[in-house]
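Reproduced below: work18.cif, with mmCIF, C-alpha atoms.
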```cif
data_target
#
loop_
_atom_site.label_atom_id
_atom_site.label_comp_id
_atom_site.auth_asym_id
_atom_site.auth_seq_id
_atom_site.Cartn_x
_atom_site.Cartn_y
_atom_site.Cartn_z
CA MET A 46 11.55 -28.59 -23.20
CA THR A 47 8.00 -28.78 -21.84
CA ALA A 48 6.04 -25.57 -21.27
CA ILE A 49 4.77 -24.98 -17.73
CA PRO A 50 1.31 -23.36 -17.54
CA LEU A 51 1.19 -19.96 -15.86
CA SER A 52 -1.21 -21.33 -13.24
CA GLN A 53 1.41 -23.91 -12.27
CA LEU A 54 4.18 -21.30 -12.16
CA ILE A 55 2.04 -19.27 -9.75
CA ALA A 56 1.33 -22.36 -7.65
CA ASN A 57 5.08 -23.08 -7.47
CA ASP A 58 5.95 -19.56 -6.27
CA ARG A 59 7.29 -19.90 -2.73
CA MET A 60 8.56 -16.34 -2.36
CA SER A 61 5.04 -14.92 -2.05
CA VAL A 62 4.24 -17.62 0.49
CA LEU A 63 7.28 -16.58 2.52
CA ARG A 64 6.35 -12.89 2.31
CA ASP A 65 2.82 -13.62 3.53
CA ALA A 66 4.25 -15.67 6.41
CA ILE A 67 6.57 -12.80 7.38
CA VAL A 68 3.64 -10.36 7.32
CA ALA A 69 1.53 -12.69 9.46
CA GLY A 70 4.38 -13.24 11.93
CA LEU A 71 5.08 -9.53 12.35
CA ALA A 72 1.38 -8.69 12.65
CA ALA A 73 0.97 -11.29 15.39
CA ARG A 74 3.88 -9.87 17.41
CA LEU A 75 3.51 -6.11 16.82
CA GLY A 76 0.30 -5.17 18.59
CA GLY A 77 -1.32 -1.95 17.39
CA VAL A 78 0.91 -1.82 14.29
CA SER A 79 -0.48 -2.21 10.77
CA VAL A 80 1.56 -4.75 8.78
CA LYS A 81 1.07 -5.40 5.08
CA GLY A 82 2.94 -6.90 2.15
CA HIS A 83 4.40 -4.89 -0.71
CA PRO A 84 5.29 -6.34 -4.16
CA GLY A 85 8.86 -5.01 -4.30
CA LYS A 86 11.43 -2.40 -3.37
CA LEU A 87 10.24 0.99 -2.17
CA ASP A 88 11.87 4.37 -2.59
CA ILE A 89 11.54 6.64 0.41
CA TYR A 90 9.72 9.22 -1.73
CA ASP A 91 7.22 6.55 -2.76
CA VAL A 92 6.57 5.85 0.90
CA VAL A 93 6.13 9.53 1.76
CA LYS A 94 3.96 10.50 -1.22
CA GLY A 95 1.97 7.33 -1.69
CA ASP A 96 0.83 6.60 1.86
CA ILE A 97 1.89 2.98 1.35
CA VAL A 98 1.13 2.18 4.97
CA GLN A 99 -0.41 4.31 7.71
CA ALA A 100 1.60 5.07 10.87
CA PRO A 101 2.36 3.16 12.92
CA GLY A 102 2.86 0.56 10.23
CA VAL A 103 5.22 -1.80 8.46
CA ALA A 104 5.34 -2.68 4.74
CA VAL A 105 7.25 -5.87 3.86
CA GLY A 106 8.78 -6.23 0.40
CA TRP A 107 11.74 -7.82 -1.36
CA SER A 108 14.54 -5.90 -3.05
CA ARG A 109 16.62 -8.64 -4.70
CA LEU A 110 16.35 -12.32 -5.64
CA GLN A 111 19.42 -14.45 -6.36
CA GLY A 112 19.38 -18.04 -7.60
CA ALA A 113 22.16 -20.60 -7.25
CA ARG A 114 22.64 -24.29 -8.05
CA GLN A 115 23.93 -26.45 -5.22
CA ILE A 116 26.37 -29.37 -5.41
CA ASP A 117 23.50 -31.84 -5.17
CA MET A 118 21.90 -30.08 -8.18
CA SER A 119 19.09 -28.59 -6.09
CA TYR A 120 18.23 -24.94 -6.64
CA VAL A 121 18.14 -22.29 -3.91
CA SER A 122 16.87 -18.70 -3.94
CA ARG A 123 18.40 -16.00 -1.73
CA VAL A 124 15.89 -13.22 -1.08
CA ASP A 125 16.76 -9.77 0.27
CA TRP A 126 13.86 -8.52 2.40
CA THR A 127 13.03 -5.04 3.70
CA ALA A 128 10.52 -4.07 6.37
CA TYR A 129 9.68 -0.37 5.87
CA ILE A 130 8.59 1.22 9.15
CA VAL A 131 6.42 4.36 9.26
CA VAL A 132 5.88 6.06 12.63
CA GLU A 133 4.56 9.25 14.18
CA ASP A 134 4.66 10.64 17.70
CA TYR A 135 2.62 8.30 19.88
CA ALA A 136 0.06 9.56 22.37
CA ASP A 137 -0.94 7.02 25.03
CA THR A 138 -4.50 7.99 25.93
CA GLY A 139 -4.36 5.89 29.10
CA THR A 140 -1.38 7.67 30.65
CA ARG A 141 -1.60 10.90 28.64
CA ARG A 142 2.07 10.49 27.82
CA ARG A 143 3.51 11.36 24.43
CA THR A 144 6.40 9.39 22.88
CA ASP A 145 8.64 10.83 20.17
CA ARG A 146 8.45 9.22 16.77
CA ASP A 147 12.08 8.11 16.80
CA VAL A 148 11.51 6.16 20.02
CA VAL A 149 8.45 4.51 18.46
CA GLY A 150 10.49 3.58 15.39
CA HIS A 151 13.29 2.13 17.49
CA ALA A 152 10.78 0.10 19.49
CA ILE A 153 9.18 -1.44 16.40
CA GLY A 154 12.43 -1.97 14.50
CA GLY A 155 14.19 -3.36 17.54
CA GLU A 156 11.47 -5.95 18.04
CA ILE A 157 11.69 -7.00 14.39
CA LEU A 158 15.46 -7.47 14.80
CA ARG A 159 14.88 -9.59 17.90
CA MET A 160 12.47 -11.77 15.94
CA LEU A 161 15.00 -12.19 13.14
CA HIS A 162 17.61 -13.38 15.65
CA ASP A 163 15.22 -15.85 17.32
CA PRO A 164 15.62 -19.33 15.75
CA ALA A 165 12.18 -20.31 17.04
CA VAL A 166 10.53 -17.48 15.10
CA ALA A 167 12.73 -16.48 12.17
CA ASP A 168 11.74 -19.38 9.88
CA TRP A 169 8.18 -17.97 10.00
CA GLY A 170 6.75 -21.45 10.50
CA LEU A 171 7.77 -22.68 7.04
CA ALA A 172 9.86 -25.63 5.94
CA GLY A 173 12.70 -25.10 3.48
CA VAL A 174 13.53 -21.61 4.75
CA THR A 175 16.91 -20.81 6.32
CA LEU A 176 17.39 -18.49 9.25
CA PRO A 177 18.44 -14.94 8.26
CA ASP A 178 22.02 -14.65 6.99
CA GLY A 179 24.68 -13.59 9.45
CA ASP A 180 26.76 -11.80 6.81
CA PRO A 181 25.31 -9.32 6.33
CA ALA A 182 23.33 -9.59 9.53
CA PRO A 183 19.85 -8.07 9.86
CA GLN A 184 20.11 -4.32 10.35
CA MET A 185 17.98 -1.22 10.79
CA LYS A 186 18.60 2.12 9.09
CA PRO A 187 16.83 5.51 9.24
CA MET A 188 15.23 6.95 6.09
CA PHE A 189 14.53 10.67 6.47
CA THR A 190 13.42 13.48 4.18
CA ALA A 191 12.46 17.09 4.85
CA GLN A 192 8.96 16.34 3.56
CA ALA A 193 8.56 13.48 6.01
CA TYR A 194 9.77 15.64 8.90
CA GLU A 195 7.25 18.35 8.04
CA ARG A 196 4.48 15.76 8.07
CA GLY A 197 5.52 14.65 11.53
CA THR A 198 6.54 11.17 10.44
CA ALA A 199 9.75 9.14 10.53
CA TYR A 200 10.81 6.20 8.38
CA TYR A 201 13.11 3.28 9.02
CA ALA A 202 14.09 0.15 7.12
CA VAL A 203 15.00 -3.24 8.58
CA THR A 204 16.84 -5.40 6.03
CA TRP A 205 17.83 -9.07 6.04
CA THR A 206 18.43 -12.01 3.69
CA GLN A 207 16.85 -15.47 3.81
CA THR A 208 17.19 -18.46 1.50
CA LEU A 209 14.52 -20.73 0.07
CA VAL A 210 16.08 -24.18 -0.35
CA ASP A 211 15.15 -27.24 -2.41
CA GLN A 212 13.75 -25.22 -5.29
CA GLY A 213 13.01 -27.00 -8.55
CA LEU A 214 13.12 -30.68 -9.36
CA ASP A 215 15.39 -33.20 -7.70
CA PRO A 216 17.51 -34.71 -10.51
CA PHE A 217 17.72 -37.95 -8.54
CA ALA A 218 13.98 -38.21 -7.88
CA GLY A 219 12.01 -41.13 -9.23
CA ALA A 220 12.65 -44.85 -9.25
CA THR A 221 15.93 -46.03 -7.75
CA PRO A 222 18.15 -47.54 -10.46
CA THR A 223 19.48 -51.07 -10.15
CA VAL A 224 23.14 -51.43 -9.25
CA VAL A 225 24.85 -53.83 -11.67
CA LEU A 226 28.03 -55.51 -10.43
CA GLY A 227 30.68 -56.81 -12.78
CA SER A 228 31.54 -60.49 -13.19
CA ASP A 229 34.15 -62.61 -14.99
CA GLU A 230 31.77 -63.00 -17.93
CA ASP A 231 30.69 -59.32 -17.99
CA PRO A 232 33.20 -56.97 -16.33
CA LEU A 233 31.01 -53.87 -16.83
CA ASN A 234 29.19 -52.46 -13.81
CA GLY A 235 27.18 -49.36 -12.96
CA LEU A 236 23.55 -48.22 -12.71
CA GLN A 237 20.74 -49.67 -14.77
CA PHE A 238 17.60 -47.57 -15.35
CA ASP A 239 14.20 -48.86 -16.43
CA GLY A 240 14.27 -47.31 -19.89
CA GLU A 241 15.65 -44.05 -21.24
CA GLU A 242 12.67 -42.06 -19.90
CA ALA A 243 13.71 -43.01 -16.33
CA ILE A 244 17.16 -41.45 -16.67
CA PRO A 245 17.35 -38.05 -14.86
CA PRO A 246 17.86 -35.16 -17.37
CA GLU A 247 21.19 -34.13 -15.82
CA ILE A 248 22.59 -37.66 -16.06
CA ALA A 249 21.23 -38.07 -19.60
CA ALA A 250 23.05 -34.85 -20.58
CA ILE A 251 26.32 -36.19 -19.17
CA ILE A 252 25.89 -39.45 -21.09
CA ALA A 253 25.11 -37.60 -24.33
CA GLU A 254 28.17 -35.39 -23.88
CA SER A 255 30.45 -38.36 -23.25
CA GLU A 256 29.10 -40.21 -26.30
CA GLY A 257 29.66 -37.10 -28.42
CA GLU A 258 33.29 -36.97 -27.37
CA ALA A 259 33.83 -40.66 -28.08
#
```

Kindly return the structure encoded in the file as C-alpha cells.
Amino acid sequence: MTAIPLSQLIANDRMSVLRDAIVAGLAARLGGVSVKGHPGKLDIYDVVKGDIVQAPGVAVGWSRLQGARQIDMSYVSRVDWTAYIVVEDYADTGTRRRTDRDVVGHAIGGEILRMLHDPAVADWGLAGVTLPDGDPAPQMKPMFTAQAYERGTAYYAVTWTQTLVDQGLDPFAGATPTVVLGSDEDPLNGLQFDGEEAIPPEIAAIIAESEGEA
C-alpha cells in the first residue's frame, strides 16, 4: 500500500469544493443575506451563543458523510447538508414597513428549497454531483430557544442530501487489455495485460484468491 501525501489528500477533497459551491450559489441568489461555510454540524446553542453568522444570514455545513462502493467498483459519497438560517425582524427603510422574523425566515428558507428543487441550479455548477435526494426530500425545520427569542432572533435549518460520484480510482482505468480468442491449438481465451503491473488491483486480487483456492 502506497502512502498518499497529506497535500494530495487535501487536493483530492471534493466535499469542501461542493460546500464552497453551495455557499457561492446561495450568496448569489439571496440578496442582502450573509452566507458563509461552516466546517460541520451546529448545535442550536452554538449558533445562539457563538454568533456563527449575523442576521440575516445562512451558515452551510455538513452533518454526515456516508461512503459506498458501486457495482462498477467506483466509490460514491453521500453528504447530508444543513443550511442554518438566522433572522431578525426586518425593517425596510424605503417603505418604513417592518416584517416579523418568522416571515423573513420562511422567505429565505423557502427560496433555498426552491433552489434545491431546480435541476438547473441544484448541482451548483459542478460535475459529478447528483441532484438532492428525494427520500428524504429537502426540508426546513424551526430551531427555537428561549434565549434566541429574548434576543429577538429566530433560527431555521434546511436539510438535504447530495451524492458525490466517481470518487477514487477507476479499477478499469489504464491501457485496454488485449482480447485473446481460443483456437484449435490453444483453446484458452480471455484478457491479456501488458505485464503484471498493468493488471488492475481488484482483478489482481481476484486472480490471487482463485490461485489460492486451486

Excluding segment 146-149 of chain A and residues on its chain fewer than 3 positions from it, collect all residues at most 6 Å away from it, counting all atoms listed in the file, and give them as a PyMOL selection string. chain A and resi 132-134+152

Which residues, named as in the file, does the PyMOL selection byres ((chain A and resi 124) around 12) pick out? Answer as number ranges by chain. A: 59-61, 63-64, 85-86, 106-113, 121-123, 125-127, 174-178, 204-210

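The coordinates place atom CA of Gly82 of chain A at 19.9 Å from atom CA of Arg159 of chain A.
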
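Across A:Ala104, A:Ala167, A:Ala202, A:Phe189, the tightest approach to His151 of chain A is made by A:Ala202 when counting only C-alpha atoms.
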
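The space separating atom CA of Ala73 of chain A from atom CA of Ile130 of chain A comes to 15.9 Å.
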
Here's the selection I'm unsure about, the PyMOL selection byres ((chain A and resi 135) around 12); applied to the file above, which residues does it give, as number ranges by chain? A: 77-78, 100-101, 131-134, 136-150, 152, 197-199

Edge lengths and centre in Å to one decimal, as AutoDock Vina command-line options, of the axis-aligned box that encloses all listed atoms of segment 78-86 of chain A with 6 Å added on every side?
```
--center_x 5.5 --center_y -4.4 --center_z 5.0 --size_x 23.9 --size_y 17.1 --size_z 30.6
```
